[in-house]
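Pasted below: start01.pdb, PDB, C-alpha atoms, pLDDT in the B column.
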```pdb
MODEL        1
ATOM      1  CA  MET V   1     100.192 150.347  -3.009  1.00 57.00           C
ATOM      2  CA  LYS V   2     100.653 148.330   0.161  1.00 61.00           C
ATOM      3  CA  ARG V   3      97.030 147.105  -0.047  1.00 54.00           C
ATOM      4  CA  LEU V   4      97.453 146.065  -3.683  1.00 56.00           C
ATOM      5  CA  LEU V   5     100.357 143.812  -2.791  1.00 56.00           C
ATOM      6  CA  ASN V   6      98.220 141.958  -0.269  1.00 62.00           C
ATOM      7  CA  SER V   7      97.714 138.490  -1.742  1.00 72.00           C
ATOM      8  CA  LYS V   8      93.927 138.422  -1.234  1.00 79.00           C
ATOM      9  CA  VAL V   9      93.411 141.739  -2.977  1.00 80.00           C
ATOM     10  CA  LEU V  10      95.627 140.813  -5.899  1.00 83.00           C
ATOM     11  CA  SER V  11      94.070 137.355  -6.224  1.00 85.00           C
ATOM     12  CA  ASN V  12      90.542 138.788  -6.200  1.00 84.00           C
ATOM     13  CA  LEU V  13      91.537 141.387  -8.774  1.00 86.00           C
ATOM     14  CA  LEU V  14      92.967 138.749 -11.107  1.00 88.00           C
ATOM     15  CA  TRP V  15      89.853 136.534 -10.830  1.00 87.00           C
ATOM     16  CA  MET V  16      87.645 139.563 -11.510  1.00 89.00           C
ATOM     17  CA  VAL V  17      89.680 140.381 -14.629  1.00 91.00           C
ATOM     18  CA  PHE V  18      89.491 136.722 -15.706  1.00 91.00           C
ATOM     19  CA  GLY V  19      85.692 136.766 -15.417  1.00 89.00           C
ATOM     20  CA  THR V  20      85.397 140.057 -17.277  1.00 91.00           C
ATOM     21  CA  MET V  21      87.651 138.892 -20.103  1.00 93.00           C
ATOM     22  CA  GLY V  22      85.649 135.673 -20.362  1.00 91.00           C
ATOM     23  CA  VAL V  23      82.453 137.655 -20.807  1.00 92.00           C
ATOM     24  CA  LEU V  24      84.049 139.803 -23.489  1.00 92.00           C
ATOM     25  CA  ILE V  25      85.228 136.700 -25.345  1.00 93.00           C
ATOM     26  CA  TYR V  26      82.216 134.380 -25.059  1.00 92.00           C
ATOM     27  CA  TYR V  27      79.240 136.766 -25.217  1.00 91.00           C
ATOM     28  CA  PRO V  28      79.841 137.853 -28.850  1.00 93.00           C
ATOM     29  CA  LYS V  29      80.170 134.174 -29.804  1.00 93.00           C
ATOM     30  CA  GLN V  30      76.626 133.672 -28.417  1.00 92.00           C
ATOM     31  CA  GLU V  31      77.805 131.194 -25.810  1.00 92.00           C
ATOM     32  CA  TYR V  32      75.536 132.558 -23.120  1.00 93.00           C
ATOM     33  CA  TRP V  33      75.972 129.823 -20.495  1.00 94.00           C
ATOM     34  CA  ILE V  34      79.718 130.317 -20.322  1.00 92.00           C
ATOM     35  CA  ALA V  35      79.337 134.091 -20.439  1.00 92.00           C
ATOM     36  CA  GLY V  36      76.802 133.926 -17.612  1.00 93.00           C
ATOM     37  CA  LEU V  37      79.175 131.841 -15.531  1.00 93.00           C
ATOM     38  CA  MET V  38      81.934 134.358 -16.161  1.00 92.00           C
ATOM     39  CA  VAL V  39      79.637 137.218 -15.096  1.00 93.00           C
ATOM     40  CA  ILE V  40      78.950 135.401 -11.840  1.00 94.00           C
ATOM     41  CA  ILE V  41      82.671 134.835 -11.254  1.00 91.00           C
ATOM     42  CA  ALA V  42      83.507 138.483 -11.987  1.00 92.00           C
ATOM     43  CA  THR V  43      80.700 139.761  -9.756  1.00 93.00           C
ATOM     44  CA  LEU V  44      81.540 137.534  -6.802  1.00 92.00           C
ATOM     45  CA  TYR V  45      85.215 138.406  -6.912  1.00 90.00           C
ATOM     46  CA  ALA V  46      84.439 142.120  -7.324  1.00 91.00           C
ATOM     47  CA  ILE V  47      82.376 141.927  -4.137  1.00 92.00           C
ATOM     48  CA  LYS V  48      85.180 140.061  -2.360  1.00 89.00           C
ATOM     49  CA  LEU V  49      87.658 142.651  -3.622  1.00 85.00           C
ATOM     50  CA  VAL V  50      85.651 145.559  -2.234  1.00 88.00           C
ATOM     51  CA  LYS V  51      85.188 143.786   1.109  1.00 88.00           C
ATOM     52  CA  SER V  52      88.890 143.014   1.453  1.00 81.00           C
ATOM     53  CA  ILE V  53      89.884 146.584   0.560  1.00 80.00           C
ATOM     54  CA  ARG V  54      87.432 147.986   3.122  1.00 84.00           C
ATOM     55  CA  LYS V  55      88.702 145.532   5.730  1.00 79.00           C
ATOM     56  CA  ASN V  56      92.323 146.575   5.161  1.00 70.00           C
ATOM     57  CA  ALA V  57      91.588 150.296   5.019  1.00 67.00           C
TER      58      ALA V  57
ENDMDL
END
```

Would you write the structure of this file as structure tokens?
Amino acid sequence: MKRLLNSKVLSNLLWMVFGTMGVLIYYPKQEYWIAGLMVIIATLYAIKLVKSIRKNA
């Protein structure tokens, strides 16, 4: 729980959720450019999230 309250971890988690929700919203509407951008955002922040959790562990 202490690691979750770290601002970097929480910020990365929220950006990852934002990117994932964007994909779920825009992909069915066939707006592939926006969905692709959201996939990139979600992937980059997921990688940053894993790195920051490993660093703090």

7 Å contact set for range 42-56 of chain V, only C-alpha atoms, chain neighbours under 5 positions out, as a ChimeraX atom specification:
/V:9,12-13,15-17,19-20

For range 24-26 of chain V: contacts at 12 Å, only C-alpha atoms, fewer than 6 positions along chain excluded, given as a CSV table (one decimal) with C-alpha atoms, in the coordinates of the input:
```
chain,number,residue,atom,x,y,z
V,17,VAL,CA,89.7,140.4,-14.6
V,18,PHE,CA,89.5,136.7,-15.7
V,32,TYR,CA,75.5,132.6,-23.1
V,33,TRP,CA,76.0,129.8,-20.5
V,34,ILE,CA,79.7,130.3,-20.3
V,35,ALA,CA,79.3,134.1,-20.4
V,36,GLY,CA,76.8,133.9,-17.6
V,37,LEU,CA,79.2,131.8,-15.5
V,38,MET,CA,81.9,134.4,-16.2
V,39,VAL,CA,79.6,137.2,-15.1
V,42,ALA,CA,83.5,138.5,-12.0
```

Emit as JSON the padded axis-aligned box for all listed atoms of range 19-29 of chain V, 4 Å per side, with centre and edge lengths in Å to one decimal.
```
{"center_x": 83.4, "center_y": 137.1, "center_z": -22.6, "size_x": 16.4, "size_y": 13.9, "size_z": 22.4}
```
